[in-house]
$ cat data_16.pdb   # PDB, C-alpha atoms and all ligand atoms
ATOM      1  CA  MET M   1      62.408  21.920  22.970
ATOM      2  CA  ILE M   2      60.478  23.503  20.136
ATOM      3  CA  LYS M   3      58.262  21.779  17.621
ATOM      4  CA  CYS M   4      58.184  21.981  13.837
ATOM      5  CA  LYS M   5      55.274  24.367  13.983
ATOM      6  CA  GLU M   6      57.197  26.760  16.181
ATOM      7  CA  PHE M   7      60.267  26.345  14.059
ATOM      8  CA  LEU M   8      58.353  27.360  10.965
ATOM      9  CA  LYS M   9      56.878  30.327  12.730
ATOM     10  CA  GLU M  10      60.359  31.663  13.465
ATOM     11  CA  LEU M  11      62.022  30.450  10.299
ATOM     12  CA  THR M  12      61.861  33.632   8.225
ATOM     13  CA  ASP M  13      62.986  35.731  11.158
ATOM     14  CA  TYR M  14      65.799  33.282  11.729
ATOM     15  CA  LEU M  15      66.921  33.629   8.136
ATOM     16  CA  ASP M  16      66.605  37.390   8.378
ATOM     17  CA  GLY M  17      68.660  37.346  11.536
ATOM     18  CA  THR M  18      66.062  39.338  13.440
ATOM     19  CA  ILE M  19      65.570  36.943  16.332
ATOM     20  CA  SER M  20      67.226  36.802  19.688
ATOM     21  CA  VAL M  21      70.196  34.544  20.350
ATOM     22  CA  SER M  22      68.234  32.251  22.637
ATOM     23  CA  VAL M  23      65.549  31.643  20.018
ATOM     24  CA  ARG M  24      68.181  31.088  17.376
ATOM     25  CA  GLU M  25      69.853  28.486  19.528
ATOM     26  CA  GLU M  26      66.577  26.675  19.944
ATOM     27  CA  LEU M  27      65.979  26.683  16.215
ATOM     28  CA  GLU M  28      69.477  25.406  15.544
ATOM     29  CA  GLU M  29      68.983  22.640  18.024
ATOM     30  CA  HIS M  30      65.774  21.694  16.286
ATOM     31  CA  LEU M  31      67.679  21.473  13.016
ATOM     32  CA  HIS M  32      70.051  18.958  14.550
ATOM     33  CA  TRP M  33      67.383  16.337  14.951
ATOM     34  CA  CYS M  34      64.712  17.378  12.472
ATOM     35  CA  HIS M  35      65.709  16.610   8.925
ATOM     36  CA  GLU M  36      62.433  17.879   7.498
ATOM     37  CA  CYS M  37      62.899  21.345   8.886
ATOM     38  CA  HIS M  38      66.479  21.314   7.726
ATOM     39  CA  VAL M  39      65.277  20.725   4.178
ATOM     40  CA  VAL M  40      62.597  23.374   4.488
ATOM     41  CA  MET M  41      65.107  25.807   5.915
ATOM     42  CA  ASN M  42      67.475  25.309   3.000
ATOM     43  CA  THR M  43      64.660  25.634   0.487
ATOM     44  CA  THR M  44      63.355  28.771   2.121
ATOM     45  CA  LYS M  45      66.820  30.223   2.320
ATOM     46  CA  LYS M  46      67.342  29.734  -1.389
ATOM     47  CA  THR M  47      63.925  31.187  -2.130
ATOM     48  CA  ILE M  48      64.645  34.239  -0.044
ATOM     49  CA  GLU M  49      67.957  34.730  -1.813
ATOM     50  CA  ILE M  50      66.179  34.624  -5.155
ATOM     51  CA  TYR M  51      63.651  37.144  -3.949
ATOM     52  CA  ARG M  52      66.350  39.339  -2.549
ATOM     53  CA  ASP M  53      67.911  39.478  -5.978
ATOM     54  CA  ASN M  54      64.607  40.811  -7.178
ATOM     55  CA  GLN M  55      64.463  43.164  -4.224
ATOM     56  CA  ILE M  56      61.441  41.494  -2.749
ATOM     57  CA  PHE M  57      62.098  40.675   0.838
ATOM     58  CA  GLU M  58      59.011  38.879   2.117
ATOM     59  CA  LEU M  59      58.097  35.367   1.175
ATOM     60  CA  PRO M  60      54.877  35.338  -0.777
ATOM     61  CA  GLU M  61      51.944  34.194   1.277
ATOM     62  CA  PRO M  62      51.063  31.158  -0.884
ATOM     63  CA  LEU M  63      54.593  29.815  -0.601
ATOM     64  CA  ARG M  64      54.620  30.360   3.120
ATOM     65  CA  ASN M  65      51.392  28.419   3.469
ATOM     66  CA  LYS M  66      52.630  25.714   1.165
ATOM     67  CA  LEU M  67      55.797  25.187   3.170
ATOM     68  CA  HIS M  68      53.819  25.214   6.344
ATOM     69  CA  ASP M  69      51.337  22.625   5.124
ATOM     70  CA  ALA M  70      54.109  20.431   3.788
ATOM     71  CA  ILE M  71      55.918  20.339   7.090
ATOM     72  CA  ILE M  72      52.827  19.797   9.178
ATOM     73  CA  SER M  73      51.677  16.872   7.067
ATOM     74  CA  LYS M  74      55.141  15.343   7.144
ATOM     75  CA  CYS M  75      55.280  15.670  10.895
ATOM     76  CA  LYS M  76      51.922  13.987  11.170
ATOM     77  CA  HIS M  77      53.163  11.133   9.032
ATOM     78  CA  SER M  78      56.308  10.639  11.037
ATOM     79  CA  LYS M  79      54.294  10.453  14.202
ATOM     80  CA  SER M  80      51.632   8.144  12.775
ATOM     81  CA  GLY M  81      50.234   5.324  14.753
ATOM     82  CA  LYS M  82      48.589   7.323  17.445
ATOM     83  CA  THR M  83      45.562   9.033  16.026
ATOM     84  CA  ARG M  84      44.318   8.570  12.523
ATOM     85  CA  SER M  85      41.255  10.720  12.396
ATOM     86  CA  SER M  86      40.173  11.993   9.020
ATOM     87  CA  SER M  87      40.990  15.622   8.535
TER      88      SER M  87
HETATM   89 ZN    ZN J 101      61.016  20.082  12.519
END
$ encode --input "data_16.pdb" --output "structure tokens" --more "lines below"
Ligand SMILES: [Zn+2]
Amino acid sequence: MIKCKEFLKELTDYLDGTISVSVREELEEHLHWCHECHVVMNTTKKTIEIYRDNQIFELPEPLRNKLHDAIISKCKHSKSGKTRSSS
């Protein structure tokens, strides 16, 4: 089972349809139980569609990082209770 981090790594390829079937299945399974990634996926999808209209295919780096940070921090929150070291 993949983690959010791995999901995010494959997300743009998933939306582009450039990944293998087995990876896609894993990502789709992740979406079944991870609401956060589902939201991120929808947001990214919409963003990509907007950029496609402007004939820009790649997500801009700042947005990519922003999405990544958002998901990682959310995942940390949802798994709180274990370690609480200051970043
Ligand atoms: Zn996730």
$ resolve_selection --input "data_16.pdb" --expression "the PyMOL selection byres (((not hetatm)) within 9 of (chain J and resi 101))" --output "list of chain:residue names"
M:Ile2, M:Lys3, M:Cys4, M:Lys5, M:Glu6, M:Phe7, M:Leu8, M:His30, M:Leu31, M:Trp33, M:Cys34, M:His35, M:Glu36, M:Cys37, M:His38, M:Val40, M:Ile71, M:Ile72, M:Cys75
$ closest_residue --input "data_16.pdb" --among "M:Lys66, M:Met1, M:Glu49, M:Lys74" --to "Glu26 of chain M" --atoms "only C-alpha atoms"
M:Met1
$ atom_distance --input "data_16.pdb" --atom1 "atom CA of Thr12 of chain M" --atom2 "atom CA of Ile48 of chain M"
8.7 Å
$ closest_residue --input "data_16.pdb" --among "M:Glu28, M:Thr44, M:Pro62, M:His77" --to "Asp16 of chain M" --atoms "all atoms listed in the file"
M:Thr44
$ atom_distance --input "data_16.pdb" --atom1 "atom CA of Thr47 of chain M" --atom2 "atom CA of Glu10 of chain M"
16.0 Å
